[in-house]
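Heads up, run_26.cif below (mmCIF, C-alpha atoms):
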```cif
data_data
#
loop_
_atom_site.label_atom_id
_atom_site.label_comp_id
_atom_site.auth_asym_id
_atom_site.auth_seq_id
_atom_site.Cartn_x
_atom_site.Cartn_y
_atom_site.Cartn_z
CA MET A 1250 0.00 0.00 0.00
CA ASP A 1251 1.03 3.59 -0.53
CA THR A 1252 3.19 4.72 2.42
CA ASN A 1253 1.54 8.12 2.46
CA LEU A 1254 -1.84 6.48 2.78
CA VAL A 1255 -0.60 4.24 5.60
CA ARG A 1256 0.85 7.27 7.35
CA ALA A 1257 -2.38 9.22 6.95
CA ILE A 1258 -4.48 6.34 8.30
CA VAL A 1259 -2.19 5.77 11.30
CA MET A 1260 -2.09 9.47 12.08
CA ALA A 1261 -5.86 9.80 11.84
CA GLY A 1262 -6.19 6.77 14.09
CA SER A 1263 -3.73 8.24 16.57
CA ALA A 1264 -5.57 11.54 16.70
CA ILE A 1265 -8.94 9.85 17.21
CA GLY A 1266 -7.39 7.56 19.80
CA ALA A 1267 -5.93 10.50 21.68
CA GLY A 1268 -9.33 12.14 21.73
CA LEU A 1269 -10.98 8.95 22.94
CA ALA A 1270 -8.32 8.47 25.62
CA MET A 1271 -9.18 11.87 27.05
CA ILE A 1272 -12.74 10.66 27.76
CA ALA A 1273 -11.01 9.28 30.86
CA GLY A 1274 -11.15 12.87 32.11
CA ILE A 1275 -14.85 12.46 32.91
CA GLY A 1276 -14.25 10.18 35.87
CA PRO A 1277 -11.84 12.37 37.83
CA GLY A 1278 -13.95 15.41 36.99
CA VAL A 1279 -17.02 13.88 38.60
CA GLY A 1280 -15.00 12.44 41.47
CA GLN A 1281 -13.15 15.62 42.28
CA GLY A 1282 -16.31 17.66 42.07
CA TYR A 1283 -17.97 15.30 44.53
CA ALA A 1284 -14.96 15.51 46.86
CA ALA A 1285 -14.91 19.30 46.66
CA GLY A 1286 -18.65 19.43 47.36
CA LYS A 1287 -18.25 17.23 50.42
CA ALA A 1288 -15.32 19.34 51.58
CA ALA A 1289 -17.45 22.47 51.23
CA GLU A 1290 -20.14 20.80 53.31
CA ALA A 1291 -17.57 19.84 55.92
CA VAL A 1292 -16.21 23.38 56.11
CA GLY A 1293 -19.76 24.66 56.47
CA ARG A 1294 -20.34 22.30 59.35
CA GLN A 1295 -16.97 22.81 61.03
CA PRO A 1296 -15.28 26.01 59.85
CA GLU A 1297 -12.43 25.72 62.38
CA ALA A 1298 -11.13 22.54 60.69
CA LYS A 1299 -10.75 24.28 57.32
CA GLY A 1300 -7.00 23.65 57.01
CA ASP A 1301 -7.22 19.92 57.68
CA ILE A 1302 -10.23 19.51 55.40
CA THR A 1303 -8.54 21.36 52.56
CA SER A 1304 -5.34 19.34 52.72
CA THR A 1305 -7.24 16.06 52.97
CA MET A 1306 -9.41 17.05 50.02
CA LEU A 1307 -6.41 18.05 47.88
CA PHE A 1308 -4.71 14.76 48.69
CA GLY A 1309 -7.82 12.77 47.82
CA CYS A 1310 -8.34 14.77 44.65
CA ALA A 1311 -4.80 14.16 43.51
CA VAL A 1312 -5.15 10.44 44.08
CA ALA A 1313 -8.50 10.35 42.30
CA GLU A 1314 -6.90 12.21 39.43
CA SER A 1315 -4.58 9.35 38.52
CA THR A 1316 -7.00 7.56 36.18
CA GLY A 1317 -7.41 10.78 34.25
CA ILE A 1318 -3.65 11.15 34.17
CA TYR A 1319 -3.32 7.66 32.68
CA GLY A 1320 -5.63 8.74 29.87
CA LEU A 1321 -3.59 11.90 29.40
CA VAL A 1322 -0.33 9.95 29.24
CA ILE A 1323 -1.81 7.68 26.56
CA ALA A 1324 -2.99 10.72 24.59
CA LEU A 1325 0.43 12.37 24.85
CA LEU A 1326 2.12 9.14 23.74
CA LEU A 1327 -0.15 8.88 20.71
CA LEU A 1328 0.31 12.51 19.70
CA PHE A 1329 3.93 13.29 20.47
CA VAL A 1330 5.97 10.12 20.85
CA ASP A 1331 5.21 8.37 17.54
CA PRO A 1332 4.72 4.81 18.86
CA PHE A 1333 3.92 3.36 15.39
CA GLY A 1334 7.00 4.77 13.68
CA VAL A 1335 5.19 6.77 10.99
CA GLY A 1336 6.73 10.15 11.79
CA LYS A 1337 5.49 12.83 14.11
CA PHE A 1338 2.57 15.16 13.69
CA ASP A 1339 3.55 18.54 12.31
CA PHE A 1340 1.30 21.11 13.86
CA MET B 1039 2.75 26.84 13.39
CA ASN B 1040 5.93 26.02 15.23
CA LEU B 1041 4.43 24.20 18.17
CA GLU B 1042 7.13 22.00 19.57
CA ILE B 1043 6.34 19.50 22.28
CA ARG B 1044 9.29 17.29 23.03
CA GLY B 1045 10.93 15.20 25.65
CA PRO B 1046 14.11 16.35 27.35
CA LYS B 1047 16.84 17.20 24.86
CA VAL B 1048 20.11 15.30 24.93
CA LEU B 1049 22.68 17.98 25.60
CA PHE B 1050 25.92 16.03 25.20
CA GLU B 1051 27.28 12.55 25.33
CA ILE B 1052 30.04 11.12 27.49
CA PRO B 1053 32.11 8.77 25.28
CA LEU B 1054 32.21 6.04 27.88
CA LEU B 1055 30.68 2.55 27.90
CA GLY B 1056 29.28 3.12 24.44
CA GLY B 1057 28.12 6.69 25.06
CA ILE B 1058 26.23 7.90 28.12
CA LYS B 1059 23.63 10.45 27.05
CA ILE B 1060 23.36 13.47 29.33
CA SER B 1061 19.92 15.00 28.92
CA GLU B 1062 18.43 18.26 30.14
CA THR B 1063 16.86 16.36 33.02
CA ILE B 1064 20.21 15.34 34.46
CA VAL B 1065 21.78 18.79 34.09
CA HIS B 1066 18.76 20.56 35.57
CA GLY B 1067 18.54 17.91 38.27
CA TRP B 1068 22.07 18.71 39.38
CA LEU B 1069 21.23 22.40 39.25
CA VAL B 1070 18.34 21.68 41.62
CA VAL B 1071 20.64 19.67 43.87
CA LEU B 1072 23.14 22.53 43.95
CA LEU B 1073 20.35 25.00 44.69
CA ILE B 1074 19.00 22.91 47.56
CA GLY B 1075 22.50 22.35 48.88
CA PHE B 1076 23.20 26.06 48.77
CA LEU B 1077 19.89 26.79 50.56
CA CYS B 1078 20.71 24.27 53.27
CA TRP B 1079 24.18 25.74 53.74
CA PHE B 1080 22.86 29.30 53.68
CA LEU B 1081 19.98 28.71 56.10
CA THR B 1082 21.95 26.75 58.68
CA ARG B 1083 25.00 29.01 58.96
CA ASN B 1084 25.87 30.51 62.38
CA LEU B 1085 23.00 29.00 64.33
CA VAL B 1086 22.58 30.54 67.79
CA THR B 1087 20.35 29.74 70.74
CA LYS B 1088 19.54 33.30 71.77
CA SER B 1089 17.90 36.03 69.66
CA PRO B 1090 18.08 34.16 66.33
CA SER B 1091 18.27 35.95 63.00
CA LYS B 1092 15.46 35.95 60.43
CA ARG B 1093 17.36 33.37 58.41
CA GLN B 1094 17.46 31.00 61.35
CA LEU B 1095 13.76 31.54 62.02
CA VAL B 1096 13.00 30.49 58.44
CA ALA B 1097 15.17 27.40 58.84
CA GLU B 1098 13.47 26.51 62.11
CA LYS B 1099 10.03 27.03 60.58
CA ILE B 1100 10.86 24.70 57.68
CA TYR B 1101 12.32 22.12 60.05
CA PHE B 1102 9.32 22.13 62.38
CA MET B 1103 6.85 21.98 59.50
CA LEU B 1104 8.68 18.96 58.10
CA THR B 1105 8.99 17.09 61.38
CA GLY B 1106 5.39 17.94 62.19
CA LEU B 1107 4.25 16.52 58.86
CA VAL B 1108 6.25 13.31 59.22
CA GLU B 1109 5.20 12.81 62.84
CA GLY B 1110 1.59 13.56 62.07
CA VAL B 1111 1.35 11.10 59.19
CA MET B 1112 3.80 8.35 60.15
CA GLY B 1113 3.84 8.63 63.93
CA LYS B 1114 6.66 9.12 66.44
CA LYS B 1115 8.21 5.73 65.60
CA TRP B 1116 9.24 6.76 62.08
CA THR B 1117 10.96 10.09 62.60
CA GLY B 1118 14.11 8.53 61.11
CA PHE B 1119 12.52 8.99 57.70
CA THR B 1120 12.35 12.78 58.05
CA PRO B 1121 15.56 13.51 56.08
CA TYR B 1122 14.50 11.33 53.17
CA ILE B 1123 10.99 12.80 53.05
CA GLY B 1124 12.43 16.31 53.22
CA ALA B 1125 14.88 15.57 50.41
CA LEU B 1126 12.15 14.01 48.28
CA PHE B 1127 9.82 16.94 48.87
CA ALA B 1128 12.49 19.55 48.18
CA TYR B 1129 13.81 17.83 45.05
CA SER B 1130 10.33 17.29 43.64
CA MET B 1131 9.21 20.84 44.42
CA PHE B 1132 12.29 22.62 43.12
CA GLY B 1133 12.43 20.22 40.18
CA SER B 1134 8.95 21.39 39.15
CA LEU B 1135 9.49 25.03 40.06
CA ILE B 1136 12.65 25.27 37.96
CA SER B 1137 10.32 25.74 34.97
CA LEU B 1138 9.67 29.25 36.30
CA MET B 1139 13.24 30.03 35.24
CA GLY B 1140 12.50 28.87 31.70
CA LEU B 1141 14.25 25.53 32.10
CA ARG B 1142 12.49 22.25 31.45
CA SER B 1143 11.04 20.73 34.63
CA VAL B 1144 13.10 17.88 36.03
CA THR B 1145 9.93 16.09 37.08
CA GLY B 1146 8.46 16.40 33.58
CA ASP B 1147 10.49 13.31 32.74
CA LEU B 1148 9.23 9.84 33.56
CA SER B 1149 12.77 8.77 34.53
CA THR B 1150 12.89 11.17 37.49
CA THR B 1151 9.48 10.34 38.88
CA GLY B 1152 10.04 6.66 38.12
CA ALA B 1153 13.23 6.74 40.18
CA MET B 1154 11.36 8.36 43.06
CA ALA B 1155 8.59 5.77 42.87
CA ILE B 1156 11.03 2.85 42.68
CA LEU B 1157 12.89 4.20 45.74
CA THR B 1158 9.58 4.35 47.61
CA SER B 1159 8.75 0.81 46.61
CA ILE B 1160 12.18 -0.45 47.72
CA MET B 1161 11.68 1.32 51.05
CA VAL B 1162 8.24 -0.24 51.45
CA ILE B 1163 9.61 -3.74 50.86
CA THR B 1164 12.65 -3.28 53.14
CA THR B 1165 10.49 -1.84 55.90
CA ASN B 1166 8.10 -4.73 55.53
CA ILE B 1167 10.94 -7.26 55.73
CA LYS B 1168 12.48 -5.46 58.72
CA THR B 1169 9.25 -5.55 60.72
CA ASN B 1170 7.76 -8.88 59.65
CA GLY B 1171 10.80 -10.88 58.53
CA VAL B 1172 11.14 -12.48 55.10
CA GLY B 1173 8.52 -15.09 55.90
CA GLY B 1174 6.06 -12.52 57.12
CA TRP B 1175 6.65 -10.36 54.05
CA LEU B 1176 6.02 -13.28 51.68
CA LYS B 1177 3.02 -14.35 53.72
CA GLY B 1178 1.60 -10.84 53.34
CA TYR B 1179 1.04 -11.55 49.65
CA THR B 1180 -1.36 -14.37 50.45
CA GLN B 1181 -3.55 -12.20 52.67
CA PRO B 1182 -6.53 -12.26 53.13
CA VAL B 1183 -6.89 -15.45 51.01
CA ALA B 1184 -4.27 -17.32 49.00
CA LEU B 1185 -6.43 -17.04 45.89
CA ILE B 1186 -5.67 -13.34 45.34
CA THR B 1187 -1.86 -13.68 45.45
CA PRO B 1188 -1.49 -12.73 41.75
CA ILE B 1189 -3.53 -9.58 42.33
CA ASN B 1190 -1.36 -8.65 45.32
CA ILE B 1191 1.79 -9.10 43.23
CA ILE B 1192 0.34 -6.99 40.40
CA SER B 1193 -0.59 -4.25 42.84
CA GLU B 1194 2.99 -4.28 44.13
CA PHE B 1195 4.08 -3.28 40.63
CA ALA B 1196 1.10 -1.05 39.89
CA ASN B 1197 1.75 1.15 42.91
CA PRO B 1198 5.07 2.67 41.77
CA VAL B 1199 3.80 2.91 38.19
CA SER B 1200 0.76 4.87 39.32
CA MET B 1201 2.90 7.13 41.53
CA ALA B 1202 5.36 7.85 38.73
CA PHE B 1203 2.65 8.47 36.13
CA ARG B 1204 0.67 10.76 38.42
CA HIS B 1205 3.57 13.11 39.05
CA PHE B 1206 4.92 12.95 35.51
CA GLY B 1207 1.49 13.36 33.93
CA ASN B 1208 0.63 16.45 35.93
CA ILE B 1209 3.89 18.24 35.13
CA ALA B 1210 3.98 17.10 31.50
CA ALA B 1211 0.37 18.24 31.03
CA GLY B 1212 1.43 21.64 32.33
CA ILE B 1213 4.30 21.77 29.83
CA VAL B 1214 2.03 20.77 26.92
CA ILE B 1215 -0.79 23.14 27.79
CA THR B 1216 1.56 26.07 28.41
CA GLY B 1217 3.30 25.37 25.09
CA MET B 1218 -0.01 25.25 23.23
CA MET B 1219 -1.17 28.43 24.95
CA TYR B 1220 1.98 30.28 23.92
CA THR B 1221 1.59 29.17 20.29
CA ALA B 1222 -2.09 30.09 20.25
CA LEU B 1223 -1.41 33.51 21.76
CA ALA B 1224 1.39 34.12 19.25
CA SER B 1225 -0.91 33.44 16.30
CA ALA B 1226 -3.72 35.45 17.89
CA SER B 1227 -1.48 38.47 18.31
CA ASN B 1228 -0.28 37.95 14.76
CA LEU B 1229 -3.92 38.23 13.67
CA LEU B 1230 -4.31 41.34 15.80
CA LEU B 1231 -1.18 43.19 14.67
CA GLY B 1232 -0.30 41.40 11.42
CA TRP B 1233 -1.93 44.08 9.19
CA ILE B 1234 0.57 46.73 10.33
CA PRO B 1235 3.09 47.15 7.54
CA VAL B 1236 6.02 47.80 9.88
CA GLU B 1237 7.65 44.39 10.34
CA PHE B 1238 8.94 45.08 13.85
CA ILE B 1239 5.56 46.06 15.30
CA ALA B 1240 3.70 43.31 13.47
CA ASN B 1241 5.91 40.66 15.06
CA ILE B 1242 5.34 41.72 18.68
CA PRO B 1243 3.48 38.85 20.41
CA ILE B 1244 1.48 41.34 22.46
CA LEU B 1245 -1.03 38.83 23.85
CA GLN B 1246 1.74 36.71 25.31
CA ALA B 1247 2.28 39.31 28.01
CA GLY B 1248 0.42 38.71 31.24
CA LEU B 1249 -2.09 36.03 30.31
CA PRO B 1250 0.27 33.02 30.56
CA ALA B 1251 1.21 34.12 34.07
CA VAL B 1252 -2.22 32.97 35.29
CA LEU B 1253 -1.65 29.54 33.77
CA SER B 1254 1.85 29.50 35.16
CA ILE B 1255 0.56 30.12 38.68
CA TYR B 1256 -1.65 27.05 38.39
CA PHE B 1257 0.58 24.68 36.44
CA ASP B 1258 3.97 25.62 37.83
CA LEU B 1259 3.38 26.84 41.36
CA PHE B 1260 0.21 25.04 42.45
CA THR B 1261 0.70 21.73 40.64
CA GLY B 1262 4.40 21.61 41.45
CA PHE B 1263 3.81 22.13 45.14
CA LEU B 1264 0.79 19.82 45.27
CA GLN B 1265 2.54 16.97 43.49
CA ALA B 1266 5.57 17.28 45.78
CA TYR B 1267 3.18 17.07 48.73
CA ILE B 1268 1.34 14.10 47.22
CA ILE B 1269 4.44 12.05 46.40
CA SER B 1270 5.95 12.54 49.85
CA MET B 1271 2.57 11.89 51.49
CA LEU B 1272 2.10 8.65 49.55
CA THR B 1273 5.64 7.58 50.42
CA MET B 1274 4.98 8.21 54.10
CA VAL B 1275 1.61 6.43 54.09
CA ASN B 1276 2.92 3.41 52.17
CA VAL B 1277 6.08 3.02 54.25
CA SER B 1278 4.36 3.39 57.60
CA SER B 1279 1.58 0.99 56.61
CA ALA B 1280 4.19 -1.53 55.50
CA GLY B 1281 5.76 -1.43 58.95
CA GLU B 1282 2.68 -2.41 60.89
#
```
Show me the file's structure as structure tokens.
Amino acid sequence: MDTNLVRAIVMAGSAIGAGLAMIAGIGPGVGQGYAAGKAAEAVGRQPEAKGDITSTMLFGCAVAESTGIYGLVIALLLLFVDPFGVGKFDF
Amino acid sequence: MNLEIRGPKVLFEIPLLGGIKISETIVHGWLVVLLIGFLCWFLTRNLVTKSPSKRQLVAEKIYFMLTGLVEGVMGKKWTGFTPYIGALFAYSMFGSLISLMGLRSVTGDLSTTGAMAILTSIMVITTNIKTNGVGGWLKGYTQPVALITPINIISEFANPVSMAFRHFGNIAAGIVITGMMYTALASASNLLLGWIPVEFIANIPILQAGLPAVLSIYFDLFTGFLQAYIISMLTMVNVSSAGE
């Protein structure tokens, strides 16, 4: 097959794949929003513990974020690292 | 468009053992080490017990915050880990913050964060062996039932991978988004000023002033600090739970 065609197909696939991988961002978005909402409730109930609540929430958020980060790493690999050896995207 | 997203550049090569490649990460990493070393030397000079200087007060504040953090999370038994946690925190934080000086973040490289995560995992295993003995450590994999041993072994490998990816992904995302923002702002200001016939004025990327600072506050300052906190926190939690 024509190499240009192969390259075009692989690149289109990579771009679509990167977009699909970023759907993983939904989960952490929902999760972090929930955590932040609960933290807001907790601060409302107990304003003097604001510092502890905030640091616990940030820690939990950052851990919950990891699935989204996996998606991001896959997207970055597809877009910038050229895993299929067809040459990089030229933006 | 000249959007360039890349890994760390290889700066030079040592012609030894078939060529050791020295990348930006290593050079900037040693810069960070020098910076931290200088800070330590500078802050702990001429310590006195009566009427301390401002410099000493800062050093004491940092020290008490660090020991307080380690004691609060790991408990009194594990204060021996304070120097390592402090070094990890400082290296991770300054390694991310070095991007404020226009250098590529040290932690925006999977090798750096991978090394940190592998160190944590080695510490977890050694602590576990020290407290429970080799037999107890191996037996821990068959808990609560022998059936899930494979899952326990996988999670032993998944833990450092997840730690490394979390830190690397956050910093690398910052690099990518800031790079894209700069390119977008350059072309937007080209649209804005490109009609002016004077070449010099038309090429001023006027929109690049100010706006990226907001992004930089989030991606460089906030994320850098938060990820340093997270990686040291996870290290502390994992190590102290391994020693129970």
For chain B against chain A, which residues fall within 10 Å using only C-alpha atoms, given as a ChimeraX atom specification? /B:1039-1045,1200-1201,1203-1208,1210-1211,1214,1261,1264-1265,1267-1269,1271-1272
All residues 12 Å or closer to A:Asp1301, all atoms listed in the file, same chain fewer than 4 positions away omitted, as a ChimeraX atom specification: /A:1288,1291-1292,1295-1297,1305-1308 /B:1110
Surrounding residues of B:Ile1064 excluding itself and chain neighbours under 5 positions, 9 Å, all atoms listed in the file, as a ChimeraX atom specification: /B:1069,1144,1150
Which residue gives the smallest distance to B:Leu1107 among B:Gln1094, B:Ile1213, B:Phe1127, B:Met1161, with only C-alpha atoms counted? B:Phe1127
Distance atom CA of B:Leu1081-atom CA of B:Trp1116, one decimal place?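 Calculated distance between atom CA of B:Leu1081 and atom CA of B:Trp1116 is 25.2 Å.
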Gap from atom CA of B:Ala1196 to atom CA of B:Gly1262 - Å, one decimal: 23.0 Å
For the file shown, report as a ChimeraX atom specification the outcome of the PyMOL selection byres ((chain B and resi 1131) around 8) at residue level. /B:1127-1130,1132-1135,1262-1263,1265-1266
Selection in question (the file shown): the PyMOL selection byres ((chain B and resi 1229) around 12). Which residues does it include, as a PyMOL selection string? chain B and resi 1222-1228+1230-1234+1240-1245
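The nearest approach to A:Ala1257 among the residues A:Gly1336, A:Lys1299, A:Leu1327, A:Glu1290, with all atoms listed in the file taken into account, belongs to A:Gly1336.
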Can you tell me how far atom CA of B:Ala1125 sits from atom CA of B:Ser1089, in Å to one decimal? 28.3 Å
Residue among B:Pro1182, B:Pro1250, B:Pro1198, B:Pro1046 lying closest to B:Ser1159, counting only C-alpha atoms: B:Pro1198
The PyMOL selection byres ((chain B and resi 1282) around 10) resolved against shown file, as a list in words: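 What the PyMOL selection byres ((chain B and resi 1282) around 10) grabs from the file is Thr1165, Asn1166, Thr1169, Asn1170, Val1277, Ser1278, Ser1279, Ala1280 and Gly1281 of chain B.
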Restore N, CA and C atoms in stretch 1185-1204 of chain B and list the result as a PDB file, in the coordinates of the input.
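Resulting contents of result.pdb:
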```
ATOM      1  N   LEU B1185      -5.955 -17.117  47.272  1.00  0.00           N
ATOM      2  CA  LEU B1185      -6.430 -17.040  45.890  1.00  0.00           C
ATOM      3  C   LEU B1185      -6.019 -15.733  45.212  1.00  0.00           C
ATOM      4  N   ILE B1186      -5.909 -14.643  45.970  1.00  0.00           N
ATOM      5  CA  ILE B1186      -5.670 -13.340  45.340  1.00  0.00           C
ATOM      6  C   ILE B1186      -4.187 -12.973  45.329  1.00  0.00           C
ATOM      7  N   THR B1187      -3.298 -13.955  45.499  1.00  0.00           N
ATOM      8  CA  THR B1187      -1.860 -13.680  45.450  1.00  0.00           C
ATOM      9  C   THR B1187      -1.431 -12.968  44.156  1.00  0.00           C
ATOM     10  N   PRO B1188      -1.888 -13.435  42.979  1.00  0.00           N
ATOM     11  CA  PRO B1188      -1.490 -12.730  41.750  1.00  0.00           C
ATOM     12  C   PRO B1188      -1.878 -11.256  41.769  1.00  0.00           C
ATOM     13  N   ILE B1189      -3.063 -10.971  42.304  1.00  0.00           N
ATOM     14  CA  ILE B1189      -3.530  -9.580  42.330  1.00  0.00           C
ATOM     15  C   ILE B1189      -2.655  -8.753  43.253  1.00  0.00           C
ATOM     16  N   ASN B1190      -2.249  -9.357  44.395  1.00  0.00           N
ATOM     17  CA  ASN B1190      -1.360  -8.650  45.320  1.00  0.00           C
ATOM     18  C   ASN B1190      -0.019  -8.339  44.657  1.00  0.00           C
ATOM     19  N   ILE B1191       0.491  -9.315  43.891  1.00  0.00           N
ATOM     20  CA  ILE B1191       1.790  -9.100  43.230  1.00  0.00           C
ATOM     21  C   ILE B1191       1.657  -8.002  42.168  1.00  0.00           C
ATOM     22  N   ILE B1192       0.554  -8.031  41.409  1.00  0.00           N
ATOM     23  CA  ILE B1192       0.340  -6.990  40.400  1.00  0.00           C
ATOM     24  C   ILE B1192       0.267  -5.625  41.063  1.00  0.00           C
ATOM     25  N   SER B1193      -0.434  -5.555  42.204  1.00  0.00           N
ATOM     26  CA  SER B1193      -0.590  -4.250  42.840  1.00  0.00           C
ATOM     27  C   SER B1193       0.746  -3.753  43.382  1.00  0.00           C
ATOM     28  N   GLU B1194       1.646  -4.687  43.706  1.00  0.00           N
ATOM     29  CA  GLU B1194       2.990  -4.280  44.130  1.00  0.00           C
ATOM     30  C   GLU B1194       3.719  -3.544  43.012  1.00  0.00           C
ATOM     31  N   PHE B1195       3.460  -3.973  41.752  1.00  0.00           N
ATOM     32  CA  PHE B1195       4.080  -3.280  40.630  1.00  0.00           C
ATOM     33  C   PHE B1195       3.277  -2.061  40.202  1.00  0.00           C
ATOM     34  N   ALA B1196       1.952  -2.135  40.364  1.00  0.00           N
ATOM     35  CA  ALA B1196       1.100  -1.050  39.890  1.00  0.00           C
ATOM     36  C   ALA B1196       1.269   0.210  40.737  1.00  0.00           C
ATOM     37  N   ASN B1197       1.630   0.002  42.011  1.00  0.00           N
ATOM     38  CA  ASN B1197       1.750   1.150  42.910  1.00  0.00           C
ATOM     39  C   ASN B1197       2.825   2.147  42.456  1.00  0.00           C
ATOM     40  N   PRO B1198       4.078   1.709  42.241  1.00  0.00           N
ATOM     41  CA  PRO B1198       5.070   2.670  41.770  1.00  0.00           C
ATOM     42  C   PRO B1198       4.748   3.236  40.391  1.00  0.00           C
ATOM     43  N   VAL B1199       4.148   2.404  39.517  1.00  0.00           N
ATOM     44  CA  VAL B1199       3.800   2.910  38.190  1.00  0.00           C
ATOM     45  C   VAL B1199       2.797   4.048  38.311  1.00  0.00           C
ATOM     46  N   SER B1200       1.790   3.833  39.176  1.00  0.00           N
ATOM     47  CA  SER B1200       0.760   4.870  39.320  1.00  0.00           C
ATOM     48  C   SER B1200       1.355   6.128  39.932  1.00  0.00           C
ATOM     49  N   MET B1201       2.274   5.957  40.919  1.00  0.00           N
ATOM     50  CA  MET B1201       2.900   7.130  41.530  1.00  0.00           C
ATOM     51  C   MET B1201       3.718   7.921  40.524  1.00  0.00           C
ATOM     52  N   ALA B1202       4.505   7.182  39.714  1.00  0.00           N
ATOM     53  CA  ALA B1202       5.360   7.850  38.730  1.00  0.00           C
ATOM     54  C   ALA B1202       4.524   8.559  37.681  1.00  0.00           C
ATOM     55  N   PHE B1203       3.474   7.873  37.186  1.00  0.00           N
ATOM     56  CA  PHE B1203       2.650   8.470  36.130  1.00  0.00           C
ATOM     57  C   PHE B1203       1.894   9.689  36.631  1.00  0.00           C
ATOM     58  N   ARG B1204       1.458   9.642  37.896  1.00  0.00           N
ATOM     59  CA  ARG B1204       0.670  10.760  38.420  1.00  0.00           C
ATOM     60  C   ARG B1204       1.504  12.027  38.417  1.00  0.00           C
TER      61      ARG B1204
END
```
